[in-house]
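Asks: Structure in structure tokens, see below.
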Amino acid sequence: MAMKRTIEMLLLKLADGGRILRFYEPASGLCLEKRLQPGEPVARQKQRWERVFAEMLDRELGVAA
């Protein structure tokens, strides 16, 4: 039985006011960091990049149920 992947997310605020969104998968050590666009809602960007990261994990590591 395959375990569902755990994806951790961290939102960092930079000194210049920008924000970095970091997704991390502890079992593999893979990480994705994206600088967020200031004019676009954070929630929308979070959803999009989380989906991209999950798809990347599936391609690289195989699909986990």
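If you're wondering about the labels, chains in the structure tokens are A, B, ... by order shown, residues count from 1 in each chain, ligands from 1 in order shown.
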Give me every strand (DSSP E) residue in chain A, going by DSSP on the backbone, as a PyMOL selection string.

Replies: chain A and resi 8-13+19-25+30-35

Asks: So which residues touch segment 19-33 of chain A within 9 Å, counting only C-alpha atoms, skipping near sequence neighbours fewer than 4 positions away, as a ChimeraX atom specification?

Replies: /A:5-14,37-38,45-46,49-50,53,57,61

Asks: Output N, CA and C atoms for every residue in the selection just made, as a PDB file, in the first residue's frame.

Replies:
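After the write, again-v3.pdb holds the following:
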ATOM      1  N   ARG A   5       2.038  11.255  -0.304  1.00  0.00           N
ATOM      2  CA  ARG A   5       3.187  12.138  -0.094  1.00  0.00           C
ATOM      3  C   ARG A   5       2.810  13.289   0.853  1.00  0.00           C
ATOM      4  N   THR A   6       3.784  13.675   1.638  1.00  0.00           N
ATOM      5  CA  THR A   6       3.626  14.838   2.498  1.00  0.00           C
ATOM      6  C   THR A   6       4.361  15.991   1.840  1.00  0.00           C
ATOM      7  N   ILE A   7       3.646  17.050   1.554  1.00  0.00           N
ATOM      8  CA  ILE A   7       4.265  18.242   0.980  1.00  0.00           C
ATOM      9  C   ILE A   7       4.153  19.354   2.017  1.00  0.00           C
ATOM     10  N   GLU A   8       5.301  19.876   2.415  1.00  0.00           N
ATOM     11  CA  GLU A   8       5.337  20.981   3.365  1.00  0.00           C
ATOM     12  C   GLU A   8       5.447  22.288   2.592  1.00  0.00           C
ATOM     13  N   MET A   9       4.808  23.333   3.123  1.00  0.00           N
ATOM     14  CA  MET A   9       4.834  24.630   2.468  1.00  0.00           C
ATOM     15  C   MET A   9       5.273  25.687   3.471  1.00  0.00           C
ATOM     16  N   LEU A  10       6.098  26.609   2.993  1.00  0.00           N
ATOM     17  CA  LEU A  10       6.564  27.712   3.820  1.00  0.00           C
ATOM     18  C   LEU A  10       6.481  28.986   2.990  1.00  0.00           C
ATOM     19  N   LEU A  11       5.921  30.034   3.570  1.00  0.00           N
ATOM     20  CA  LEU A  11       5.839  31.330   2.911  1.00  0.00           C
ATOM     21  C   LEU A  11       6.798  32.268   3.636  1.00  0.00           C
ATOM     22  N   LEU A  12       7.799  32.754   2.919  1.00  0.00           N
ATOM     23  CA  LEU A  12       8.818  33.624   3.508  1.00  0.00           C
ATOM     24  C   LEU A  12       8.636  35.054   3.022  1.00  0.00           C
ATOM     25  N   LYS A  13       8.712  35.995   3.932  1.00  0.00           N
ATOM     26  CA  LYS A  13       8.660  37.402   3.552  1.00  0.00           C
ATOM     27  C   LYS A  13      10.084  37.944   3.558  1.00  0.00           C
ATOM     28  N   LEU A  14      10.471  38.553   2.456  1.00  0.00           N
ATOM     29  CA  LEU A  14      11.825  39.078   2.295  1.00  0.00           C
ATOM     30  C   LEU A  14      11.919  40.514   2.798  1.00  0.00           C
ATOM     31  N   GLN A  37       4.391  36.772  -7.357  1.00  0.00           N
ATOM     32  CA  GLN A  37       4.096  38.017  -8.071  1.00  0.00           C
ATOM     33  C   GLN A  37       3.251  38.907  -7.167  1.00  0.00           C
ATOM     34  N   PRO A  38       3.660  40.155  -6.927  1.00  0.00           N
ATOM     35  CA  PRO A  38       2.949  41.014  -5.978  1.00  0.00           C
ATOM     36  C   PRO A  38       1.523  41.369  -6.396  1.00  0.00           C
ATOM     37  N   GLN A  45      -1.665  31.729  -6.365  1.00  0.00           N
ATOM     38  CA  GLN A  45      -0.311  31.297  -6.693  1.00  0.00           C
ATOM     39  C   GLN A  45       0.067  30.039  -5.909  1.00  0.00           C
ATOM     40  N   LYS A  46      -0.341  29.980  -4.639  1.00  0.00           N
ATOM     41  CA  LYS A  46      -0.059  28.809  -3.813  1.00  0.00           C
ATOM     42  C   LYS A  46      -0.687  27.560  -4.428  1.00  0.00           C
ATOM     43  N   TRP A  49       1.262  26.594  -7.761  1.00  0.00           N
ATOM     44  CA  TRP A  49       2.606  26.038  -7.576  1.00  0.00           C
ATOM     45  C   TRP A  49       2.585  24.719  -6.804  1.00  0.00           C
ATOM     46  N   GLU A  50       1.606  24.544  -5.910  1.00  0.00           N
ATOM     47  CA  GLU A  50       1.483  23.261  -5.216  1.00  0.00           C
ATOM     48  C   GLU A  50       1.125  22.159  -6.217  1.00  0.00           C
ATOM     49  N   PHE A  53       4.259  21.384  -8.271  1.00  0.00           N
ATOM     50  CA  PHE A  53       5.211  20.610  -7.492  1.00  0.00           C
ATOM     51  C   PHE A  53       4.755  19.155  -7.353  1.00  0.00           C
ATOM     52  N   LEU A  57       6.739  15.835  -8.637  1.00  0.00           N
ATOM     53  CA  LEU A  57       7.050  14.676  -7.789  1.00  0.00           C
ATOM     54  C   LEU A  57       6.559  13.390  -8.437  1.00  0.00           C
ATOM     55  N   LEU A  61       9.307  10.703  -9.131  1.00  0.00           N
ATOM     56  CA  LEU A  61       9.353   9.643  -8.117  1.00  0.00           C
ATOM     57  C   LEU A  61       8.309   8.552  -8.332  1.00  0.00           C
TER      58      LEU A  61
END

Asks: Just to confirm, what's the straight-line distance from atom CA of Lys4 of chain A to atom CA of Leu36 of chain A in Å (one decimal)?

Replies: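 Atom CA of Leu36 of chain A lies at a distance of 26.9 Å from atom CA of Lys4 of chain A.
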
Asks: As a PyMOL selection string, please: every residue in chain A that DSSP puts in helix (DSSP H, G or I).

Replies: chain A and resi 42-61

Asks: For the selection you just gave me, I'd like the residues written to a file as a PDB file, in the first residue's frame, keeping N, CA and C atoms.

Replies:
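Okay, this is what ended up in selection-v3.pdb:
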ATOM      1  N   VAL A  42      -2.061  35.643  -3.317  1.00  0.00           N
ATOM      2  CA  VAL A  42      -1.166  34.601  -2.811  1.00  0.00           C
ATOM      3  C   VAL A  42      -1.850  33.234  -2.883  1.00  0.00           C
ATOM      4  N   ALA A  43      -3.122  33.155  -2.514  1.00  0.00           N
ATOM      5  CA  ALA A  43      -3.834  31.868  -2.500  1.00  0.00           C
ATOM      6  C   ALA A  43      -3.846  31.231  -3.888  1.00  0.00           C
ATOM      7  N   ARG A  44      -4.054  32.019  -4.918  1.00  0.00           N
ATOM      8  CA  ARG A  44      -4.081  31.498  -6.291  1.00  0.00           C
ATOM      9  C   ARG A  44      -2.700  30.969  -6.695  1.00  0.00           C
ATOM     10  N   GLN A  45      -1.665  31.729  -6.365  1.00  0.00           N
ATOM     11  CA  GLN A  45      -0.311  31.297  -6.693  1.00  0.00           C
ATOM     12  C   GLN A  45       0.067  30.039  -5.909  1.00  0.00           C
ATOM     13  N   LYS A  46      -0.341  29.980  -4.639  1.00  0.00           N
ATOM     14  CA  LYS A  46      -0.059  28.809  -3.813  1.00  0.00           C
ATOM     15  C   LYS A  46      -0.687  27.560  -4.428  1.00  0.00           C
ATOM     16  N   GLN A  47      -1.936  27.639  -4.833  1.00  0.00           N
ATOM     17  CA  GLN A  47      -2.621  26.494  -5.448  1.00  0.00           C
ATOM     18  C   GLN A  47      -1.912  26.053  -6.721  1.00  0.00           C
ATOM     19  N   ARG A  48      -1.580  27.025  -7.562  1.00  0.00           N
ATOM     20  CA  ARG A  48      -0.933  26.703  -8.836  1.00  0.00           C
ATOM     21  C   ARG A  48       0.412  26.023  -8.615  1.00  0.00           C
ATOM     22  N   TRP A  49       1.262  26.594  -7.761  1.00  0.00           N
ATOM     23  CA  TRP A  49       2.606  26.038  -7.576  1.00  0.00           C
ATOM     24  C   TRP A  49       2.585  24.719  -6.804  1.00  0.00           C
ATOM     25  N   GLU A  50       1.606  24.544  -5.910  1.00  0.00           N
ATOM     26  CA  GLU A  50       1.483  23.261  -5.216  1.00  0.00           C
ATOM     27  C   GLU A  50       1.125  22.159  -6.217  1.00  0.00           C
ATOM     28  N   ARG A  51       0.241  22.475  -7.147  1.00  0.00           N
ATOM     29  CA  ARG A  51      -0.135  21.510  -8.191  1.00  0.00           C
ATOM     30  C   ARG A  51       1.073  21.184  -9.075  1.00  0.00           C
ATOM     31  N   VAL A  52       1.829  22.192  -9.475  1.00  0.00           N
ATOM     32  CA  VAL A  52       3.029  21.986 -10.299  1.00  0.00           C
ATOM     33  C   VAL A  52       4.034  21.108  -9.560  1.00  0.00           C
ATOM     34  N   PHE A  53       4.259  21.384  -8.271  1.00  0.00           N
ATOM     35  CA  PHE A  53       5.211  20.610  -7.492  1.00  0.00           C
ATOM     36  C   PHE A  53       4.755  19.155  -7.353  1.00  0.00           C
ATOM     37  N   ALA A  54       3.467  18.934  -7.075  1.00  0.00           N
ATOM     38  CA  ALA A  54       2.945  17.571  -6.951  1.00  0.00           C
ATOM     39  C   ALA A  54       3.103  16.815  -8.271  1.00  0.00           C
ATOM     40  N   GLU A  55       2.850  17.475  -9.389  1.00  0.00           N
ATOM     41  CA  GLU A  55       3.021  16.836 -10.706  1.00  0.00           C
ATOM     42  C   GLU A  55       4.492  16.509 -10.958  1.00  0.00           C
ATOM     43  N   MET A  56       5.381  17.401 -10.535  1.00  0.00           N
ATOM     44  CA  MET A  56       6.808  17.152 -10.687  1.00  0.00           C
ATOM     45  C   MET A  56       7.222  15.926  -9.866  1.00  0.00           C
ATOM     46  N   LEU A  57       6.739  15.835  -8.637  1.00  0.00           N
ATOM     47  CA  LEU A  57       7.050  14.676  -7.789  1.00  0.00           C
ATOM     48  C   LEU A  57       6.559  13.390  -8.437  1.00  0.00           C
ATOM     49  N   ASP A  58       5.351  13.429  -8.975  1.00  0.00           N
ATOM     50  CA  ASP A  58       4.800  12.230  -9.631  1.00  0.00           C
ATOM     51  C   ASP A  58       5.666  11.794 -10.798  1.00  0.00           C
ATOM     52  N   ARG A  59       6.131  12.745 -11.597  1.00  0.00           N
ATOM     53  CA  ARG A  59       7.000  12.411 -12.745  1.00  0.00           C
ATOM     54  C   ARG A  59       8.333  11.853 -12.286  1.00  0.00           C
ATOM     55  N   GLU A  60       8.937  12.498 -11.277  1.00  0.00           N
ATOM     56  CA  GLU A  60      10.282  12.129 -10.842  1.00  0.00           C
ATOM     57  C   GLU A  60      10.314  10.878  -9.964  1.00  0.00           C
ATOM     58  N   LEU A  61       9.307  10.703  -9.131  1.00  0.00           N
ATOM     59  CA  LEU A  61       9.353   9.643  -8.117  1.00  0.00           C
ATOM     60  C   LEU A  61       8.309   8.552  -8.332  1.00  0.00           C
TER      61      LEU A  61
END
